[in-house]
2 protein chains.
Amino acid sequence: MRPPKRLSGVFCPVLTPFHDDLSPNADALVRQCQWLLSQNVGLVVFGTTSEANSLSVDEKIECLDRLVAAGIKPDKIVPGTGCCSLSDTVTLTRHAVDLGCAGCLVLPPFFYKDVSDEGLFDSYAEVIERVGDECLRVYLYHIPPIAQVGLSIDLLERLVKEYPSTVVGIKDSSGDWPNTLAMLQRGWDDFRIFAGSENFLLRTMQNGGAGCISATANVNPAAIDRLFSAWQGDRAAEMQDELDAVRSVIQAYPMIPALKAIVATFSNDADWNIVRPPLRALGDAQRSSLIKALNQLNVEMPGIEISKAR
Amino acid sequence: MRPPKRLSGVFCPVLTPFHDDLSPNADALVRQCQWLLSQNVGLVVFGTTSEANSLSVDEKIECLDRLVAAGIKPDKIVPGTGCCSLSDTVTLTRHAVDLGCAGCLVLPPFFYKDVSDEGLFDSYAEVIERVGDECLRVYLYHIPPIAQVGLSIDLLERLVKEYPSTVVGIKDSSGDWPNTLAMLQRGWDDFRIFAGSENFLLRTMQNGGAGCISATANVNPAAIDRLFSAWQGDRAAEMQDELDAVRSVIQAYPMIPALKAIVATFSNDADWNIVRPPLRALGDAQRSSLIKALNQLNVEMPGIEISKAR
């Protein structure tokens, strides 16, 4: 196998559909992934938006195998593989590499708090050394609002220096633009910095970033990808405003249930509303007001695209 | 199998020993558990102190099976079984019930933050219904400083009312005495409230609590158990002061590495120092100053007991 190329573009942390009994619905996942690929966005399965940490390693491996078996090219897939447990992270990362995935998005272990940079360095180093494969490409995952364990710029620097051909990028979901900018300004050789939300896409591209990996790409992929392609064009600022308007409507609701409600509505498949606890599906009233607010937006309606694609 | 009785007394979240390659050392775990039982404390394997969330479900099942195979009675074992993933929590809880364990200490799913009481209720309800065994006894685990997802008193009330013979107790590791007191004052029928630290043991007993489940029981079990037995006696306040003095020495260091350093020193087995990342073992200087400080305490020296027992 040839080592994967470094990535750029728009990636979607793909929602995980469930059956009534809360088991993952691999068939529906395949369909969502195929549609996302048709919209020119890459597939980050098992991100935060995917409820990845509500799934077991075995369930994630099964889903990943089903995607590949369905003909989805692994070079379009960047699974999230970072778990609390070192052994789980190694198992899942190794499986992704063996399948030929384009990279792995790796959360730090997130149960213990106030851990040191040295301890986090050890965590990533153990995973990299144990997987021990030149085809492994690690994209670090910085999401302190949820994981509560973040990655300092000093830690990134140490990892990039120690593993320059393995630690090749990061998703910055801090929501803290000065942090993203500070990373961009370090200018590590060909290091790929992805905004964790399309809110920051234009600024990220203007400062040398690689793209974004954003939850809302589940429902608004084409418009996000258009800004990625045209960020140097005249309409870029306007396109950014349009993306922000869509996101701010969705963000008024709990993000994951809201995205699932949108997909459920426009795919005419109510099962898409199902989430695993501790999350809760939106209530009927919330769902109606969300869809109404999206319909009232004076921008291209993401749901219509989903609807057309089915 | 007969349903287990409700618990009281002193329990130890047992440290997990590792080999050089970071795999769990089941033989050393058996020895530590046997020693703890000889000191009259029960076994909470896979608590926070056990680095439970740095282990996979398979590793935990393997360790649990080894303990039982070594002759340790399951009615002395209360494994921590709460994971991020619903499927993992169900698998591990079911295994513990099948083995005949005295109960399970169950963390809420802790990756997603700001989740609702309803979502947390759903999480526990799904685990209880899926395990579906009248021998399941759930001890809730409230540890907001680390899990960052806590259990409100309203949520407890709802769980106790819905599952009165299954949800039978809680470990309160909030470190927030008014919270523990508020739970004690609710007076749910025979609900067993354990302090999460021996600092609160006397107060907990004076207000109708069931005991404590404390990290430092790994190195100071007998003295904690003596206060549990004699909390109504004349020396109780003095005994509490002595326990607090020992704990405050240990707490000046990162708790888990410090406890491992103490066991390593007094058992003459340096491998006990090994932790999984993201934790780091104490450095030599820290280890020396910790042991020196413990030796200088004018109270019964916990390490000497460990040393005698080996």
# chains A, B, ... in the order shown; residues from 1 in each chain; ligands from 1
>>> select_by_dssp(residues="range 164-274 of chain A", states="alpha helix (DSSP H)", output="compact mmCIF listing (two decimals) with N, CA, C and O atoms, in the first residue's frame")
# COMPACT_ATOMS: atom_id res chain seq x y z
N TRP A 177 -10.67 31.49 17.25
CA TRP A 177 -9.92 31.86 16.06
C TRP A 177 -8.45 32.23 16.35
O TRP A 177 -7.56 31.81 15.60
N PRO A 178 -8.16 32.99 17.41
CA PRO A 178 -6.74 33.28 17.67
C PRO A 178 -5.89 32.02 17.83
O PRO A 178 -4.71 32.00 17.46
N ASN A 179 -6.49 30.95 18.35
CA ASN A 179 -5.73 29.70 18.47
C ASN A 179 -5.44 29.11 17.09
O ASN A 179 -4.32 28.69 16.80
N THR A 180 -6.47 29.09 16.23
CA THR A 180 -6.26 28.56 14.87
C THR A 180 -5.20 29.40 14.15
O THR A 180 -4.29 28.86 13.50
N LEU A 181 -5.32 30.71 14.29
CA LEU A 181 -4.37 31.60 13.62
C LEU A 181 -2.94 31.37 14.13
O LEU A 181 -1.98 31.33 13.34
N ALA A 182 -2.82 31.19 15.42
CA ALA A 182 -1.48 30.95 15.99
C ALA A 182 -0.87 29.67 15.42
O ALA A 182 0.33 29.63 15.11
N MET A 183 -1.69 28.66 15.22
CA MET A 183 -1.17 27.42 14.62
C MET A 183 -0.77 27.66 13.17
O MET A 183 0.28 27.20 12.72
N LEU A 184 -1.64 28.38 12.45
CA LEU A 184 -1.35 28.65 11.04
C LEU A 184 -0.04 29.41 10.90
O LEU A 184 0.75 29.18 9.97
N GLN A 185 0.20 30.32 11.85
CA GLN A 185 1.40 31.15 11.76
C GLN A 185 2.69 30.40 12.10
O GLN A 185 3.78 30.87 11.81
N ARG A 186 2.55 29.23 12.74
CA ARG A 186 3.75 28.46 13.01
C ARG A 186 4.39 27.96 11.71
O ARG A 186 5.59 27.72 11.66
N LEU A 201 -14.01 29.12 7.78
CA LEU A 201 -13.41 28.56 6.56
C LEU A 201 -12.65 29.61 5.76
O LEU A 201 -11.49 29.39 5.39
N LEU A 202 -13.27 30.77 5.51
CA LEU A 202 -12.61 31.77 4.67
C LEU A 202 -11.31 32.26 5.33
O LEU A 202 -10.25 32.29 4.70
N ARG A 203 -11.41 32.60 6.62
CA ARG A 203 -10.22 33.06 7.33
C ARG A 203 -9.12 32.00 7.35
O ARG A 203 -7.93 32.29 7.24
N THR A 204 -9.56 30.75 7.51
CA THR A 204 -8.58 29.66 7.54
C THR A 204 -7.85 29.56 6.21
O THR A 204 -6.62 29.43 6.16
N MET A 205 -8.62 29.64 5.11
CA MET A 205 -8.00 29.55 3.79
C MET A 205 -7.09 30.75 3.52
O MET A 205 -6.00 30.62 2.97
N GLN A 206 -7.55 31.93 3.94
CA GLN A 206 -6.74 33.14 3.70
C GLN A 206 -5.41 33.11 4.44
O GLN A 206 -4.48 33.82 4.09
N PRO A 221 -23.46 20.51 2.40
CA PRO A 221 -22.11 20.24 1.90
C PRO A 221 -21.73 21.06 0.68
O PRO A 221 -20.60 21.58 0.60
N ALA A 222 -22.64 21.17 -0.28
CA ALA A 222 -22.26 21.78 -1.55
C ALA A 222 -21.87 23.24 -1.38
O ALA A 222 -20.87 23.70 -1.95
N ALA A 223 -22.64 23.96 -0.57
CA ALA A 223 -22.34 25.39 -0.39
C ALA A 223 -21.00 25.58 0.33
O ALA A 223 -20.24 26.50 0.02
N ILE A 224 -20.71 24.70 1.28
CA ILE A 224 -19.42 24.82 1.97
C ILE A 224 -18.29 24.52 0.99
O ILE A 224 -17.28 25.24 0.95
N ASP A 225 -18.49 23.50 0.19
CA ASP A 225 -17.45 23.15 -0.79
C ASP A 225 -17.27 24.27 -1.83
O ASP A 225 -16.15 24.51 -2.29
N ARG A 226 -18.37 24.95 -2.18
CA ARG A 226 -18.23 26.05 -3.15
C ARG A 226 -17.35 27.18 -2.60
O ARG A 226 -16.55 27.75 -3.32
N LEU A 227 -17.52 27.48 -1.31
CA LEU A 227 -16.64 28.50 -0.74
C LEU A 227 -15.19 28.01 -0.71
O LEU A 227 -14.26 28.77 -1.02
N PHE A 228 -15.02 26.75 -0.37
CA PHE A 228 -13.65 26.21 -0.39
C PHE A 228 -13.01 26.41 -1.76
O PHE A 228 -11.85 26.82 -1.87
N SER A 229 -13.77 26.13 -2.81
CA SER A 229 -13.23 26.23 -4.18
C SER A 229 -13.01 27.67 -4.61
O SER A 229 -12.13 27.96 -5.41
N ALA A 236 -16.52 35.59 -2.19
CA ALA A 236 -16.15 34.76 -1.04
C ALA A 236 -16.77 35.25 0.27
O ALA A 236 -17.37 34.47 1.03
N ALA A 237 -16.68 36.56 0.53
CA ALA A 237 -17.20 37.08 1.81
C ALA A 237 -18.71 36.87 1.91
O ALA A 237 -19.24 36.49 2.96
N GLU A 238 -19.37 37.09 0.75
CA GLU A 238 -20.81 36.88 0.72
C GLU A 238 -21.17 35.40 0.96
O GLU A 238 -22.12 35.08 1.69
N MET A 239 -20.41 34.52 0.34
CA MET A 239 -20.65 33.08 0.52
C MET A 239 -20.44 32.69 1.98
O MET A 239 -21.18 31.88 2.54
N GLN A 240 -19.43 33.28 2.59
CA GLN A 240 -19.19 33.01 4.01
C GLN A 240 -20.39 33.46 4.85
O GLN A 240 -20.84 32.74 5.74
N ASP A 241 -20.91 34.63 4.53
CA ASP A 241 -22.10 35.12 5.27
C ASP A 241 -23.28 34.17 5.12
O ASP A 241 -24.02 33.93 6.07
N GLU A 242 -23.46 33.65 3.91
CA GLU A 242 -24.57 32.72 3.69
C GLU A 242 -24.38 31.44 4.50
O GLU A 242 -25.33 30.93 5.09
N LEU A 243 -23.16 30.94 4.52
CA LEU A 243 -22.90 29.74 5.33
C LEU A 243 -23.17 30.01 6.81
O LEU A 243 -23.77 29.20 7.51
N ASP A 244 -22.72 31.19 7.26
CA ASP A 244 -22.90 31.54 8.67
C ASP A 244 -24.39 31.63 9.03
O ASP A 244 -24.80 31.24 10.14
N ALA A 245 -25.17 32.14 8.08
CA ALA A 245 -26.61 32.28 8.35
C ALA A 245 -27.26 30.91 8.54
O ALA A 245 -28.06 30.70 9.46
N VAL A 246 -26.88 29.97 7.68
CA VAL A 246 -27.45 28.61 7.81
C VAL A 246 -27.02 28.01 9.15
O VAL A 246 -27.82 27.48 9.91
N ARG A 247 -25.73 28.14 9.45
CA ARG A 247 -25.24 27.52 10.68
C ARG A 247 -25.89 28.13 11.91
O ARG A 247 -26.19 27.44 12.88
N SER A 248 -26.11 29.45 11.87
CA SER A 248 -26.63 30.06 13.09
C SER A 248 -28.07 29.63 13.35
O SER A 248 -28.49 29.52 14.50
N VAL A 249 -28.81 29.32 12.30
CA VAL A 249 -30.16 28.75 12.50
C VAL A 249 -30.05 27.38 13.18
O VAL A 249 -30.75 27.08 14.16
N ILE A 250 -29.16 26.56 12.68
CA ILE A 250 -29.04 25.18 13.21
C ILE A 250 -28.50 25.21 14.64
O ILE A 250 -28.97 24.47 15.52
N GLN A 251 -27.54 26.10 14.86
CA GLN A 251 -26.88 26.17 16.17
C GLN A 251 -27.80 26.61 17.31
O GLN A 251 -27.42 26.50 18.47
N MET A 255 -26.92 20.57 18.41
CA MET A 255 -26.41 20.37 17.04
C MET A 255 -26.71 18.99 16.46
O MET A 255 -27.23 18.88 15.35
N ILE A 256 -26.37 17.94 17.16
CA ILE A 256 -26.49 16.60 16.56
C ILE A 256 -27.97 16.24 16.32
O ILE A 256 -28.33 15.85 15.20
N PRO A 257 -28.84 16.39 17.32
CA PRO A 257 -30.26 16.12 17.06
C PRO A 257 -30.84 17.02 15.96
O PRO A 257 -31.68 16.57 15.17
N ALA A 258 -30.37 18.26 15.88
CA ALA A 258 -30.89 19.17 14.86
C ALA A 258 -30.48 18.69 13.47
O ALA A 258 -31.29 18.65 12.54
N LEU A 259 -29.23 18.30 13.32
CA LEU A 259 -28.78 17.81 12.00
C LEU A 259 -29.56 16.54 11.62
O LEU A 259 -29.96 16.36 10.47
N LYS A 260 -29.76 15.67 12.60
CA LYS A 260 -30.51 14.44 12.30
C LYS A 260 -31.95 14.76 11.92
O LYS A 260 -32.52 14.14 11.03
N ALA A 261 -32.52 15.77 12.57
CA ALA A 261 -33.90 16.16 12.24
C ALA A 261 -33.98 16.68 10.80
O ALA A 261 -34.95 16.40 10.09
N ILE A 262 -32.97 17.42 10.39
CA ILE A 262 -32.97 17.95 9.02
C ILE A 262 -32.87 16.80 8.01
O ILE A 262 -33.64 16.72 7.05
N VAL A 263 -31.95 15.89 8.25
CA VAL A 263 -31.81 14.75 7.33
C VAL A 263 -33.10 13.92 7.33
O VAL A 263 -33.58 13.50 6.27
N ALA A 264 -33.67 13.71 8.52
CA ALA A 264 -34.92 12.94 8.61
C ALA A 264 -36.03 13.59 7.79
O ALA A 264 -36.77 12.92 7.06
N THR A 265 -36.13 14.91 7.89
CA THR A 265 -37.20 15.63 7.21
C THR A 265 -37.05 15.54 5.69
O THR A 265 -38.00 15.19 4.98
N PHE A 266 -35.86 15.83 5.22
CA PHE A 266 -35.71 15.93 3.77
C PHE A 266 -35.45 14.59 3.09
O PHE A 266 -35.57 14.48 1.89
N SER A 267 -35.13 13.57 3.90
CA SER A 267 -35.01 12.23 3.31
C SER A 267 -36.29 11.44 3.55
O SER A 267 -36.39 10.29 3.13
>>> closest_atom_pairs(of="chain B", to="chain A", cutoff="8 Å", atoms="only C-alpha atoms", output="CSV")
residue,atom,partner,partner_atom,distance
B:Asn53,CA,A:Ser85,CA,5.7
B:Ser54,CA,A:Ser85,CA,3.8
B:Leu55,CA,A:Ser85,CA,5.0
B:Ser56,CA,A:Asp88,CA,5.8
B:Cys84,CA,A:Ser54,CA,5.7
B:Ser85,CA,A:Ser54,CA,3.8
B:Leu86,CA,A:Ser54,CA,5.9
B:Ser87,CA,A:Ser56,CA,5.9
B:Asp88,CA,A:Ser56,CA,5.8
B:Pro109,CA,A:Pro278,CA,6.8
B:Phe110,CA,A:Phe111,CA,7.7
B:Phe111,CA,A:Ala147,CA,6.4
B:Tyr112,CA,A:Ile146,CA,6.2
B:Lys113,CA,A:Ile146,CA,6.0
B:Val115,CA,A:Pro278,CA,6.5
B:Ser116,CA,A:Pro278,CA,7.6
B:Glu118,CA,A:Arg280,CA,7.8
B:Gly119,CA,A:Pro278,CA,4.1
B:Leu120,CA,A:Pro278,CA,5.1
B:Phe121,CA,A:Pro278,CA,7.9
B:Asp122,CA,A:Pro277,CA,5.9
B:Ser123,CA,A:Pro277,CA,5.1
B:Ile146,CA,A:Lys113,CA,6.0
B:Ala147,CA,A:Phe111,CA,6.4
B:Arg276,CA,A:Leu86,CA,7.8
B:Pro277,CA,A:Ser123,CA,5.1
B:Pro278,CA,A:Gly119,CA,4.1
B:Leu279,CA,A:Gly119,CA,5.4
B:Arg280,CA,A:Gly119,CA,5.8
>>> write_last_selection(atoms="N, CA, C and O atoms", output="CSV table (one decimal), in the first residue's frame")
chain,number,residue,atom,x,y,z
B,53,ASN,N,-10.7,3.9,32.6
B,53,ASN,CA,-11.0,4.4,31.3
B,53,ASN,C,-9.8,4.4,30.4
B,53,ASN,O,-10.0,4.9,29.2
B,54,SER,N,-8.7,4.0,30.8
B,54,SER,CA,-7.6,3.8,30.0
B,54,SER,C,-7.5,2.3,29.5
B,54,SER,O,-6.5,1.9,28.8
B,55,LEU,N,-8.4,1.5,29.9
B,55,LEU,CA,-8.5,0.1,29.6
B,55,LEU,C,-9.6,-0.2,28.6
B,55,LEU,O,-10.7,0.5,28.7
B,56,SER,N,-9.5,-1.2,27.8
B,56,SER,CA,-10.6,-1.6,26.9
B,56,SER,C,-11.6,-2.5,27.7
B,56,SER,O,-11.2,-3.0,28.7
B,84,CYS,N,-18.2,5.5,28.0
B,84,CYS,CA,-18.8,6.5,27.1
B,84,CYS,C,-19.9,5.8,26.3
B,84,CYS,O,-20.9,6.5,26.0
B,85,SER,N,-19.6,4.6,25.8
B,85,SER,CA,-20.5,4.0,24.9
B,85,SER,C,-21.5,3.1,25.5
B,85,SER,O,-21.2,2.3,26.4
B,86,LEU,N,-22.8,3.3,25.2
B,86,LEU,CA,-23.9,2.5,25.7
B,86,LEU,C,-23.6,1.0,25.5
B,86,LEU,O,-23.7,0.2,26.5
B,87,SER,N,-23.1,0.6,24.3
B,87,SER,CA,-22.8,-0.8,24.1
B,87,SER,C,-21.7,-1.4,25.0
B,87,SER,O,-21.8,-2.5,25.5
B,88,ASP,N,-20.7,-0.6,25.3
B,88,ASP,CA,-19.6,-1.0,26.2
B,88,ASP,C,-20.2,-1.2,27.6
B,88,ASP,O,-19.8,-2.1,28.3
B,109,PRO,N,-22.4,8.3,30.8
B,109,PRO,CA,-21.6,8.6,29.6
B,109,PRO,C,-21.0,10.0,29.7
B,109,PRO,O,-21.7,10.9,30.0
B,110,PHE,N,-19.7,10.1,29.4
B,110,PHE,CA,-19.1,11.4,29.8
B,110,PHE,C,-18.4,12.2,28.7
B,110,PHE,O,-17.7,13.2,29.0
B,111,PHE,N,-18.6,11.8,27.5
B,111,PHE,CA,-18.0,12.5,26.4
B,111,PHE,C,-18.8,13.8,26.1
B,111,PHE,O,-18.3,14.9,26.1
B,112,TYR,N,-20.1,13.6,25.8
B,112,TYR,CA,-20.9,14.8,25.5
B,112,TYR,C,-21.2,15.6,26.8
B,112,TYR,O,-21.5,15.0,27.8
B,113,LYS,N,-21.0,16.9,26.7
B,113,LYS,CA,-21.2,17.8,27.9
B,113,LYS,C,-22.6,18.5,27.8
B,113,LYS,O,-23.2,18.5,26.7
B,115,VAL,N,-25.4,17.7,28.8
B,115,VAL,CA,-26.5,16.9,28.4
B,115,VAL,C,-27.6,17.0,29.5
B,115,VAL,O,-27.4,17.5,30.6
B,116,SER,N,-28.8,16.7,29.1
B,116,SER,CA,-30.0,16.9,30.0
B,116,SER,C,-30.1,15.7,31.0
B,116,SER,O,-29.6,14.6,30.8
B,118,GLU,N,-32.8,14.2,31.4
B,118,GLU,CA,-33.6,13.2,30.6
B,118,GLU,C,-32.7,12.3,29.9
B,118,GLU,O,-32.9,11.1,29.8
B,119,GLY,N,-31.7,12.9,29.2
B,119,GLY,CA,-30.7,12.1,28.5
B,119,GLY,C,-29.9,11.1,29.3
B,119,GLY,O,-29.6,10.0,29.0
B,120,LEU,N,-29.5,11.6,30.5
B,120,LEU,CA,-28.8,10.7,31.5
B,120,LEU,C,-29.7,9.7,32.0
B,120,LEU,O,-29.3,8.5,32.2
B,121,PHE,N,-31.0,10.0,32.3
B,121,PHE,CA,-31.9,9.0,32.7
B,121,PHE,C,-32.0,7.9,31.7
B,121,PHE,O,-32.0,6.7,32.0
B,122,ASP,N,-32.2,8.3,30.4
B,122,ASP,CA,-32.3,7.4,29.3
B,122,ASP,C,-31.1,6.4,29.3
B,122,ASP,O,-31.2,5.2,29.0
B,123,SER,N,-29.9,7.0,29.5
B,123,SER,CA,-28.6,6.2,29.5
B,123,SER,C,-28.7,5.1,30.6
B,123,SER,O,-28.4,3.9,30.2
B,146,ILE,N,-14.0,15.2,37.4
B,146,ILE,CA,-13.3,14.5,36.3
B,146,ILE,C,-14.2,14.2,35.2
B,146,ILE,O,-13.9,14.5,34.0
B,147,ALA,N,-15.3,13.6,35.4
B,147,ALA,CA,-16.2,13.2,34.3
B,147,ALA,C,-16.8,14.5,33.6
B,147,ALA,O,-17.1,14.5,32.5
B,276,ARG,N,-0.6,4.1,32.6
B,276,ARG,CA,-0.9,4.3,31.2
B,276,ARG,C,-1.0,5.8,30.9
B,276,ARG,O,-1.5,6.5,31.7
B,277,PRO,N,-0.5,6.2,29.7
B,277,PRO,CA,-0.7,7.6,29.3
B,277,PRO,C,-2.2,7.8,29.2
B,277,PRO,O,-2.9,6.8,28.8
B,278,PRO,N,-2.7,9.0,29.5
B,278,PRO,CA,-2.0,10.2,29.6
B,278,PRO,C,-1.4,10.5,31.0
B,278,PRO,O,-0.9,11.6,31.2
B,279,LEU,N,-1.5,9.5,31.9
B,279,LEU,CA,-0.8,9.8,33.2
B,279,LEU,C,0.7,9.5,33.1
B,279,LEU,O,1.1,8.9,32.1
B,280,ARG,N,1.4,10.1,34.0
B,280,ARG,CA,2.9,9.9,34.1
B,280,ARG,C,3.3,9.5,35.5
B,280,ARG,O,2.7,10.0,36.5
>>> select_by_dssp(residues="range 113-300 of chain A", states="strand (DSSP E or B)", output="list in words")
Val138, Tyr139, Leu140, Tyr141, His142, Val167, Val168, Gly169, Ile170, Lys171, Asp172, Arg192, Ile193, Phe194, Ala195, Gly211, Cys212 and Ile213 of chain A
>>> write_last_selection(atoms="C-alpha atoms", output="compact mmCIF listing (two decimals), in the first residue's frame")
# COMPACT_ATOMS: atom_id res chain seq x y z
CA VAL A 138 -2.63 11.26 12.08
CA TYR A 139 -4.84 14.35 12.13
CA LEU A 140 -4.95 15.62 15.69
CA TYR A 141 -8.32 16.58 17.09
CA HIS A 142 -8.47 19.66 19.32
CA VAL A 167 1.42 13.76 12.35
CA VAL A 168 0.29 15.74 9.33
CA GLY A 169 -2.63 17.88 10.39
CA ILE A 170 -5.23 18.99 12.90
CA LYS A 171 -8.90 19.78 13.23
CA ASP A 172 -9.24 22.83 15.45
CA ARG A 192 -2.75 20.64 7.26
CA ILE A 193 -4.93 22.82 9.46
CA PHE A 194 -8.69 22.34 9.22
CA ALA A 195 -11.21 24.67 10.81
CA GLY A 211 -10.14 23.44 4.62
CA CYS A 212 -12.72 22.52 7.21
CA ILE A 213 -14.28 19.51 8.88
>>> residues_around(residues="Asn218 in chain A", least_positions_apart="2", cutoff="9 Å", atoms="only C-alpha atoms", output="list in words")
Cys12, Pro13, Val14, Leu15, Gln32, Leu36, Ser214, Ala215, Thr216, Asn220, Pro221, Leu259, Lys260 and Val263 of chain A
>>> atom_distance(atom1="CA of His95 in chain A", atom2="CA of Ile61 in chain A")
7.3 Å
>>> atom_distance(atom1="CA of Pro17 in chain B", atom2="CA of Trp272 in chain B")
5.7 Å
>>> residues_around(residues="range 75-78 of chain A", least_positions_apart="6", cutoff="12 Å", atoms="only C-alpha atoms", output="ChimeraX atom specification")
/A:1-14,30,33-34,36-38,40-47,63-65,67-68,92-93,95-106,135-141,169,171,213
>>> atom_distance(atom1="CA of Ala70 in chain B", atom2="CA of Val90 in chain B")
24.8 Å
>>> decode(residues="range 130-143 of chain A", atoms="N, CA and C atoms", output="mmCIF file, in the first residue's frame")
data_model
loop_
_atom_site.group_PDB
_atom_site.id
_atom_site.type_symbol
_atom_site.label_atom_id
_atom_site.label_comp_id
_atom_site.auth_asym_id
_atom_site.auth_seq_id
_atom_site.Cartn_x
_atom_site.Cartn_y
_atom_site.Cartn_z
ATOM 1 N N ARG A 130 2.807 1.817 18.310
ATOM 2 C CA ARG A 130 2.170 0.499 18.340
ATOM 3 C C ARG A 130 1.534 0.147 16.996
ATOM 4 N N VAL A 131 0.928 1.142 16.343
ATOM 5 C CA VAL A 131 0.382 0.866 15.006
ATOM 6 C C VAL A 131 1.558 0.599 14.061
ATOM 7 N N GLY A 132 2.603 1.408 14.192
ATOM 8 C CA GLY A 132 3.873 1.107 13.524
ATOM 9 C C GLY A 132 3.753 0.897 12.022
ATOM 10 N N ASP A 133 3.069 1.791 11.355
ATOM 11 C CA ASP A 133 2.828 1.593 9.922
ATOM 12 C C ASP A 133 3.109 2.905 9.200
ATOM 13 N N GLU A 134 3.907 2.841 8.145
ATOM 14 C CA GLU A 134 4.263 4.083 7.443
ATOM 15 C C GLU A 134 3.076 4.664 6.698
ATOM 16 N N CYS A 135 1.979 3.899 6.621
ATOM 17 C CA CYS A 135 0.771 4.428 5.974
ATOM 18 C C CYS A 135 -0.143 5.171 6.943
ATOM 19 N N LEU A 136 0.221 5.209 8.221
ATOM 20 C CA LEU A 136 -0.602 5.945 9.185
ATOM 21 C C LEU A 136 -0.402 7.452 9.011
ATOM 22 N N ARG A 137 -1.522 8.158 8.864
ATOM 23 C CA ARG A 137 -1.495 9.627 8.842
ATOM 24 C C ARG A 137 -2.427 10.114 9.944
ATOM 25 N N VAL A 138 -1.853 10.799 10.928
ATOM 26 C CA VAL A 138 -2.631 11.260 12.077
ATOM 27 C C VAL A 138 -3.023 12.720 11.899
ATOM 28 N N TYR A 139 -4.327 12.984 12.005
ATOM 29 C CA TYR A 139 -4.836 14.345 12.125
ATOM 30 C C TYR A 139 -5.269 14.504 13.575
ATOM 31 N N LEU A 140 -4.635 15.403 14.269
ATOM 32 C CA LEU A 140 -4.952 15.624 15.686
ATOM 33 C C LEU A 140 -6.324 16.274 15.792
ATOM 34 N N TYR A 141 -6.963 16.063 16.928
ATOM 35 C CA TYR A 141 -8.324 16.577 17.091
ATOM 36 C C TYR A 141 -8.380 17.395 18.388
ATOM 37 N N HIS A 142 -8.471 18.715 18.189
ATOM 38 C CA HIS A 142 -8.474 19.660 19.317
ATOM 39 C C HIS A 142 -9.898 20.176 19.512
ATOM 40 N N ILE A 143 -10.574 19.700 20.536
ATOM 41 C CA ILE A 143 -11.969 20.112 20.754
ATOM 42 C C ILE A 143 -12.222 20.289 22.255
#
